[in-house]
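Student: Quick one: this structure, given as structure tokens, is what I'll be asking you about.
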Amino acid sequence: MDQMLNAGDGILQEHGGQGHARQQPPPETRAHLKDPETSGSSPSFEAWKDGLARAIGMAKAVGLSEETISRVATWLGSLLAERVDPANREQRLLQELWRVGDDQEHQALARMMAKLVQAETRPAARH
């Protein structure tokens, strides 16, 4: 569990937050947010998803259950939504969804994000 929480701290630190106060995204990310012509996800969102995938991988490696991983992901989502300014439009959308959701929806969103990053890190199935 400590490793998972440390991984969560790593995600916060990689993306400008220490969990204490709202942080502004770096200038290059703010410029990206202002560009309406930008398509696809931003490099910082890809890095955020990579960090999340690493944290989930570590949690599984130390034997944490899916339920425990989900609880930690929900806790981390609340922390990020409350204390860290989003670094890009994708994180802003997640924050807005989190803010309007209830506890059950928070859990569902956390599970879906975990599922998304795990699906992206698995090798493609061959037909």
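Within each chain, counting starts at residue 1; across the structure tokens, chains are named A, B, ... in the order shown, with ligands numbered 1 upward in that order.
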Show me, as a PyMOL selection string, the residues that have an atom within 10 Å of range 108-125 of chain A when counting only C-alpha atoms, minus same-chain residues fewer than 5 positions from it.
Tutor: chain A and resi 46+48-57+66-67+69-78+94+97-98+101-103
Student: Just the selected residues (N, CA and C atoms), exported as an mmCIF file, in the first residue's frame, please.
Tutor:
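Produced file again.cif, reproduced below:
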```cif
data_model
loop_
_atom_site.group_PDB
_atom_site.id
_atom_site.type_symbol
_atom_site.label_atom_id
_atom_site.label_comp_id
_atom_site.auth_asym_id
_atom_site.auth_seq_id
_atom_site.Cartn_x
_atom_site.Cartn_y
_atom_site.Cartn_z
ATOM 1 N N GLU A 46 -0.435 12.027 -21.887
ATOM 2 C CA GLU A 46 0.154 10.711 -22.152
ATOM 3 C C GLU A 46 1.128 10.345 -21.034
ATOM 4 N N TRP A 48 0.965 11.442 -17.973
ATOM 5 C CA TRP A 48 0.134 11.190 -16.794
ATOM 6 C C TRP A 48 -0.419 9.761 -16.836
ATOM 7 N N LYS A 49 -0.901 9.347 -18.006
ATOM 8 C CA LYS A 49 -1.420 7.984 -18.143
ATOM 9 C C LYS A 49 -0.305 6.959 -17.949
ATOM 10 N N ASP A 50 0.887 7.250 -18.466
ATOM 11 C CA ASP A 50 2.024 6.346 -18.252
ATOM 12 C C ASP A 50 2.339 6.208 -16.768
ATOM 13 N N GLY A 51 2.304 7.328 -16.045
ATOM 14 C CA GLY A 51 2.543 7.293 -14.601
ATOM 15 C C GLY A 51 1.487 6.486 -13.873
ATOM 16 N N LEU A 52 0.245 6.638 -14.285
ATOM 17 C CA LEU A 52 -0.844 5.868 -13.690
ATOM 18 C C LEU A 52 -0.664 4.381 -13.976
ATOM 19 N N ALA A 53 -0.287 4.045 -15.199
ATOM 20 C CA ALA A 53 -0.053 2.643 -15.556
ATOM 21 C C ALA A 53 1.077 2.047 -14.727
ATOM 22 N N ARG A 54 2.158 2.824 -14.520
ATOM 23 C CA ARG A 54 3.267 2.342 -13.685
ATOM 24 C C ARG A 54 2.806 2.110 -12.248
ATOM 25 N N ALA A 55 2.012 3.036 -11.707
ATOM 26 C CA ALA A 55 1.521 2.896 -10.332
ATOM 27 C C ALA A 55 0.648 1.647 -10.191
ATOM 28 N N ILE A 56 -0.204 1.404 -11.156
ATOM 29 C CA ILE A 56 -1.064 0.213 -11.111
ATOM 30 C C ILE A 56 -0.218 -1.043 -11.243
ATOM 31 N N GLY A 57 0.772 -1.007 -12.129
ATOM 32 C CA GLY A 57 1.665 -2.150 -12.280
ATOM 33 C C GLY A 57 2.406 -2.472 -10.993
ATOM 34 N N GLU A 66 -7.618 -5.826 -6.788
ATOM 35 C CA GLU A 66 -8.271 -4.843 -7.654
ATOM 36 C C GLU A 66 -9.083 -3.868 -6.818
ATOM 37 N N GLU A 67 -9.730 -4.369 -5.772
ATOM 38 C CA GLU A 67 -10.539 -3.520 -4.896
ATOM 39 C C GLU A 67 -9.670 -2.477 -4.194
ATOM 40 N N ILE A 69 -6.712 -1.377 -5.187
ATOM 41 C CA ILE A 69 -6.224 -0.463 -6.229
ATOM 42 C C ILE A 69 -7.315 0.543 -6.569
ATOM 43 N N SER A 70 -8.544 0.079 -6.685
ATOM 44 C CA SER A 70 -9.662 0.967 -6.989
ATOM 45 C C SER A 70 -9.871 2.003 -5.890
ATOM 46 N N ARG A 71 -9.777 1.580 -4.617
ATOM 47 C CA ARG A 71 -9.938 2.516 -3.497
ATOM 48 C C ARG A 71 -8.837 3.573 -3.508
ATOM 49 N N VAL A 72 -7.600 3.150 -3.759
ATOM 50 C CA VAL A 72 -6.486 4.089 -3.799
ATOM 51 C C VAL A 72 -6.648 5.042 -4.989
ATOM 52 N N ALA A 73 -7.065 4.515 -6.134
ATOM 53 C CA ALA A 73 -7.268 5.357 -7.312
ATOM 54 C C ALA A 73 -8.366 6.389 -7.058
ATOM 55 N N THR A 74 -9.415 5.983 -6.363
ATOM 56 C CA THR A 74 -10.498 6.910 -6.032
ATOM 57 C C THR A 74 -9.991 7.997 -5.081
ATOM 58 N N TRP A 75 -9.203 7.587 -4.081
ATOM 59 C CA TRP A 75 -8.617 8.555 -3.153
ATOM 60 C C TRP A 75 -7.716 9.533 -3.903
ATOM 61 N N LEU A 76 -6.885 9.009 -4.787
ATOM 62 C CA LEU A 76 -5.969 9.856 -5.543
ATOM 63 C C LEU A 76 -6.744 10.798 -6.460
ATOM 64 N N GLY A 77 -7.809 10.302 -7.084
ATOM 65 C CA GLY A 77 -8.641 11.158 -7.932
ATOM 66 C C GLY A 77 -9.219 12.324 -7.153
ATOM 67 N N SER A 78 -9.680 12.062 -5.934
ATOM 68 C CA SER A 78 -10.215 13.134 -5.089
ATOM 69 C C SER A 78 -9.134 14.156 -4.751
ATOM 70 N N LEU A 94 -11.474 15.487 -16.815
ATOM 71 C CA LEU A 94 -11.575 14.525 -15.717
ATOM 72 C C LEU A 94 -11.921 15.223 -14.407
ATOM 73 N N LEU A 97 -15.616 16.202 -14.488
ATOM 74 C CA LEU A 97 -16.448 15.014 -14.278
ATOM 75 C C LEU A 97 -16.421 14.591 -12.812
ATOM 76 N N TRP A 98 -15.232 14.650 -12.213
ATOM 77 C CA TRP A 98 -15.083 14.260 -10.806
ATOM 78 C C TRP A 98 -15.923 15.167 -9.914
ATOM 79 N N GLY A 101 -19.635 14.357 -10.058
ATOM 80 C CA GLY A 101 -19.984 12.981 -9.723
ATOM 81 C C GLY A 101 -20.169 12.756 -8.239
ATOM 82 N N ASP A 102 -20.871 11.680 -7.933
ATOM 83 C CA ASP A 102 -20.997 11.249 -6.544
ATOM 84 C C ASP A 102 -19.961 10.158 -6.277
ATOM 85 N N ASP A 103 -19.968 9.606 -5.071
ATOM 86 C CA ASP A 103 -18.956 8.599 -4.710
ATOM 87 C C ASP A 103 -18.966 7.404 -5.650
#
```
Student: Quick one: residues within 9 Å of Glu90 in chain A, only C-alpha atoms, excluding same-chain residues fewer than 3 positions away - as a tab-separated table (two decimals) with N, CA and C atoms, in the first residue's frame?
Tutor:
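Written output follows (selection_6.tsv):
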```tsv
chain	number	residue	atom	x	y	z
A	41	SER	N	-4.59	13.69	-27.75
A	41	SER	CA	-4.26	14.02	-26.38
A	41	SER	C	-2.87	14.64	-26.31
A	42	SER	N	-2.68	15.48	-25.30
A	42	SER	CA	-1.43	16.20	-25.16
A	42	SER	C	-0.33	15.28	-24.63
A	45	PHE	N	-0.64	14.60	-20.95
A	45	PHE	CA	-1.68	13.63	-20.57
A	45	PHE	C	-1.17	12.21	-20.82
A	86	PRO	N	-5.41	21.25	-13.30
A	86	PRO	CA	-5.15	20.36	-14.44
A	86	PRO	C	-4.08	20.95	-15.36
A	87	ALA	N	-3.23	20.09	-15.87
A	87	ALA	CA	-2.13	20.51	-16.73
A	87	ALA	C	-2.53	20.55	-18.20
A	93	LEU	N	-11.08	17.99	-18.10
A	93	LEU	CA	-12.33	17.25	-18.27
A	93	LEU	C	-12.52	16.24	-17.15
A	94	LEU	N	-11.47	15.49	-16.82
A	94	LEU	CA	-11.58	14.53	-15.72
A	94	LEU	C	-11.92	15.22	-14.41
A	95	GLN	N	-11.31	16.38	-14.16
A	95	GLN	CA	-11.59	17.12	-12.94
A	95	GLN	C	-13.06	17.58	-12.91
```
Student: Between CA of Leu80 in chain A and CA of Gln107 in chain A, what is the distance, to one decimal in Å?
Tutor: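 Atom-to-atom, CA of Leu80 in chain A and CA of Gln107 in chain A are spaced 14.2 Å apart.
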Student: Between CA of Gln91 in chain A and CA of Ser65 in chain A, what distance in Å does the model show, to one decimal?
Tutor: 26.0 Å
